[in-house]
Amino acid sequence: MLRLLSIVRFPKPDFTSGYQYPEIIHGMPWETFWSWLDVVLLVGLMSLVAWAVQFPTLRRFRCPSRRIIFSISIVSVLYFGFFRTGCVCSIGTIQNVVLALTDSSYRLPFVVVLLFLLPLVFALFFGRVFCAGVCPMGALQELVNVRNFRISRAVASALGFFPWIYLGFAILYAATRSQFIICRFDPFIPIFRLSGDIGMIVFGVSLLVLSVFVGRPFCRFLCPYGAILGVVSSVATKRVEVTKKPCINCTLCHNACPVDAIREPYANKGGENRMTGVRRVLLYLVMLPLLTVGGGWLLSSQSDTLSIAHRDVYLYTLLQSDLDTEDMPAEVEAYHEMGRSMEDLETSVISVRESYYHWAWFAGALIGFVLGCKLIRLSVKRTRKTYEIEPSACVACGKCFDYCPQNIAVKDE
């Protein structure tokens, strides 16, 4: 403002000799530079991971694929984690994209678009290479992991549904301009910033301690972006393979996988009748639209309660309650000082609650639809003669490579 006033008070002289002022070139702001460096490093590190896990020739020299990924994890934690403090991350960009799609007044930076799309594009071709070690949150869990106590498949499947619930609520709160809950409740941001809410610090440290004994609990049971990457990687054109040679069913890769992404052979030893399985799948197919509609109706019925997360609804709730003038909340004091009318606030609350109703329908329908799809997927039994990687669950960490005897044979050739 002072600079603008000085320009008005002291205008440039108007030369009559034809003199032209030189063009003023402003340097690139540092934050812009670092943002584009984030994108360059993101592409470079994901390309290295894709190269390490896709080309078997790398495994001829003492299986270096795992070493490359481990080194990338260290770089990611140091740069994206502690230096860049974990923000802006691809996980949190979900909310920016939702807000841009629902609010025309919000301008989405192009760098944020790239951070959101690039890991998905790589997942479409090479699988979840972003999760391997490029994501600082996954990399931090990977670096502290020492042992892997296997969680039962039923429990893991149930816990694997939570990322979709988290995603549904993240979409709801971002679309209604309430808050970015992924960023607010990120358990690793306080660790990277070495400060923050004590509750989130305890939560983040607890996850890290759990990561010592359980492979990537946040990635598997909480991360909403990982859930999206899992869907995209399930149709990847070049999927991660333990070995290029025939599997000998030695179980070593299965035991080494920290996220239980390698499925054991299945030959229907229980002797289940084929028609029984078909009827079960048909039943879940019929239930799919019911679960979708039911999820939308259930969450929308709680939209008024959920809308209190919006600042105007929260303020309106405070004003409707009996408040002690000596202990008045700061929001109410600010409201009275601004001189905002009650009619304007009520109009805003009505609009917000209508928006919550519609977006709660969408979020609930998404959660119900995913639940139905999971039931269908679990009911489909496919014969497997060898151990196979499940693309949607594999995080391309490369731990299984070094345990496969076929890769060791390649190294010794």
# chains A, B, ... in the order shown; residues from 1 in each chain; ligands from 1

call {"tool": "residues_around", "arguments": {"residues": "stretch 174-181 of chain A", "least_positions_apart": "3", "cutoff": "8 Å", "atoms": "only C-alpha atoms", "output": "number ranges by chain"}}
result
A: 92, 95-96, 98-99, 102-103, 170-171, 184-185, 309-311, 352, 355-356, 359

call {"tool": "write_last_selection", "arguments": {"atoms": "N, CA, C and O atoms", "output": "mmCIF file, in the first residue's frame"}}
result
data_model
loop_
_atom_site.group_PDB
_atom_site.id
_atom_site.type_symbol
_atom_site.label_atom_id
_atom_site.label_comp_id
_atom_site.auth_asym_id
_atom_site.auth_seq_id
_atom_site.Cartn_x
_atom_site.Cartn_y
_atom_site.Cartn_z
ATOM 1 N N GLY A 92 -2.967 -34.268 0.442
ATOM 2 C CA GLY A 92 -3.822 -33.135 0.759
ATOM 3 C C GLY A 92 -4.422 -32.451 -0.447
ATOM 4 O O GLY A 92 -5.433 -31.739 -0.322
ATOM 5 N N GLN A 95 -8.313 -32.324 -1.440
ATOM 6 C CA GLN A 95 -9.241 -31.293 -0.980
ATOM 7 C C GLN A 95 -9.194 -30.070 -1.889
ATOM 8 O O GLN A 95 -10.223 -29.467 -2.184
ATOM 9 N N ASN A 96 -8.000 -29.682 -2.348
ATOM 10 C CA ASN A 96 -7.890 -28.545 -3.261
ATOM 11 C C ASN A 96 -8.631 -28.798 -4.565
ATOM 12 O O ASN A 96 -9.316 -27.916 -5.092
ATOM 13 N N VAL A 98 -11.173 -30.904 -5.046
ATOM 14 C CA VAL A 98 -12.618 -30.912 -4.774
ATOM 15 C C VAL A 98 -13.143 -29.492 -4.651
ATOM 16 O O VAL A 98 -14.199 -29.145 -5.209
ATOM 17 N N LEU A 99 -12.416 -28.647 -3.936
ATOM 18 C CA LEU A 99 -12.850 -27.261 -3.767
ATOM 19 C C LEU A 99 -12.880 -26.522 -5.099
ATOM 20 O O LEU A 99 -13.804 -25.739 -5.370
ATOM 21 N N THR A 102 -15.957 -27.478 -7.102
ATOM 22 C CA THR A 102 -17.259 -27.079 -6.535
ATOM 23 C C THR A 102 -17.393 -25.587 -6.314
ATOM 24 O O THR A 102 -18.505 -25.109 -6.071
ATOM 25 N N ASP A 103 -16.297 -24.841 -6.387
ATOM 26 C CA ASP A 103 -16.335 -23.404 -6.144
ATOM 27 C C ASP A 103 -15.575 -22.698 -7.258
ATOM 28 O O ASP A 103 -14.354 -22.793 -7.341
ATOM 29 N N ALA A 170 -13.627 -36.135 3.749
ATOM 30 C CA ALA A 170 -12.741 -35.088 3.224
ATOM 31 C C ALA A 170 -13.408 -34.359 2.070
ATOM 32 O O ALA A 170 -13.323 -33.120 1.960
ATOM 33 N N ILE A 171 -14.075 -35.092 1.189
ATOM 34 C CA ILE A 171 -14.811 -34.475 0.083
ATOM 35 C C ILE A 171 -15.950 -33.616 0.617
ATOM 36 O O ILE A 171 -16.170 -32.483 0.158
ATOM 37 N N ARG A 184 -5.628 -31.070 8.554
ATOM 38 C CA ARG A 184 -5.791 -30.787 9.979
ATOM 39 C C ARG A 184 -5.420 -31.990 10.842
ATOM 40 O O ARG A 184 -4.831 -31.843 11.913
ATOM 41 N N PHE A 185 -5.763 -33.190 10.385
ATOM 42 C CA PHE A 185 -5.521 -34.388 11.180
ATOM 43 C C PHE A 185 -4.390 -35.242 10.615
ATOM 44 O O PHE A 185 -4.370 -36.452 10.798
ATOM 45 N N ALA A 309 -19.418 -28.059 11.615
ATOM 46 C CA ALA A 309 -18.008 -27.845 11.310
ATOM 47 C C ALA A 309 -17.792 -26.566 10.515
ATOM 48 O O ALA A 309 -16.671 -26.038 10.483
ATOM 49 N N HIS A 310 -18.847 -26.044 9.868
ATOM 50 C CA HIS A 310 -18.737 -24.786 9.134
ATOM 51 C C HIS A 310 -18.762 -23.620 10.119
ATOM 52 O O HIS A 310 -19.534 -23.615 11.087
ATOM 53 N N ARG A 311 -17.963 -22.609 9.867
ATOM 54 C CA ARG A 311 -17.811 -21.507 10.823
ATOM 55 C C ARG A 311 -19.113 -20.747 11.053
ATOM 56 O O ARG A 311 -19.418 -20.337 12.182
ATOM 57 N N VAL A 352 -25.674 -23.121 3.743
ATOM 58 C CA VAL A 352 -24.654 -24.106 4.118
ATOM 59 C C VAL A 352 -25.292 -25.457 4.398
ATOM 60 O O VAL A 352 -24.784 -26.505 3.963
ATOM 61 N N SER A 355 -26.210 -27.188 1.243
ATOM 62 C CA SER A 355 -25.015 -27.734 0.602
ATOM 63 C C SER A 355 -24.553 -29.003 1.312
ATOM 64 O O SER A 355 -24.171 -29.988 0.662
ATOM 65 N N TYR A 356 -24.606 -28.998 2.628
ATOM 66 C CA TYR A 356 -24.221 -30.183 3.395
ATOM 67 C C TYR A 356 -25.134 -31.356 3.085
ATOM 68 O O TYR A 356 -24.680 -32.510 2.996
ATOM 69 N N TRP A 359 -24.063 -32.743 -0.424
ATOM 70 C CA TRP A 359 -22.744 -33.370 -0.442
ATOM 71 C C TRP A 359 -22.651 -34.548 0.519
ATOM 72 O O TRP A 359 -21.856 -35.469 0.300
#

call {"tool": "select_by_dssp", "arguments": {"residues": "stretch 242-288 of chain A", "states": "helix (DSSP H, G or I)", "output": "list in words"}}
result
Leu252, Cys253, His254, Asn255, Ala256, Arg274, Met275, Thr276, Gly277, Val278, Arg279, Arg280, Val281, Leu282, Leu283, Tyr284, Leu285, Val286, Met287 and Leu288 of chain A

call {"tool": "closest_residue", "arguments": {"among": "A:Leu222, A:Ile182, A:Ile201, A:Ala393", "to": "A:Ser234", "atoms": "only C-alpha atoms"}}
result
A:Ala393

call {"tool": "closest_residue", "arguments": {"among": "A:Ser351, A:Asn145, A:Thr276, A:Thr292", "to": "A:Asp312", "atoms": "only C-alpha atoms"}}
result
A:Ser351

call {"tool": "closest_atom_pairs", "arguments": {"of": "stretch 85-199 of chain A", "to": "stretch 365-379 of chain A", "cutoff": "7 Å", "atoms": "only C-alpha atoms", "output": "Markdown table"}}
result
| residue | atom | partner | partner_atom | distance |
| --- | --- | --- | --- | --- |
| A:Trp164 | CA | A:Ile367 | CA | 6.3 |
| A:Ile165 | CA | A:Ile367 | CA | 6.0 |
| A:Gly168 | CA | A:Ile367 | CA | 6.5 |

call {"tool": "atom_distance", "arguments": {"atom1": "atom CA of A:Pro109", "atom2": "atom CA of A:Gly81"}}
result
21.0 Å

call {"tool": "residues_around", "arguments": {"residues": "A:Ile389", "least_positions_apart": "6", "cutoff": "8 Å", "atoms": "only C-alpha atoms", "output": "PyMOL selection string"}}
result
chain A and resi 240-242+261-263

call {"tool": "closest_residue", "arguments": {"among": "A:Ser152, A:Thr237, A:Thr317, A:Gln302", "to": "A:Asp260", "atoms": "only C-alpha atoms"}}
result
A:Ser152

call {"tool": "atom_distance", "arguments": {"atom1": "atom CA of A:Arg66", "atom2": "atom CA of A:Phe83"}}
result
24.3 Å

call {"tool": "atom_distance", "arguments": {"atom1": "atom CA of A:Gly196", "atom2": "atom CA of A:Tyr79"}}
result
19.4 Å

call {"tool": "closest_residue", "arguments": {"among": "A:Glu333, A:Tyr173, A:Arg382, A:Pro217", "to": "A:Ala360", "atoms": "only C-alpha atoms"}}
result
A:Tyr173

call {"tool": "select_by_dssp", "arguments": {"residues": "stretch 165-413 of chain A", "states": "strand (DSSP E)", "output": "list in words"}}
result
Ile262, Arg263, Glu388 and Ile389 of chain A
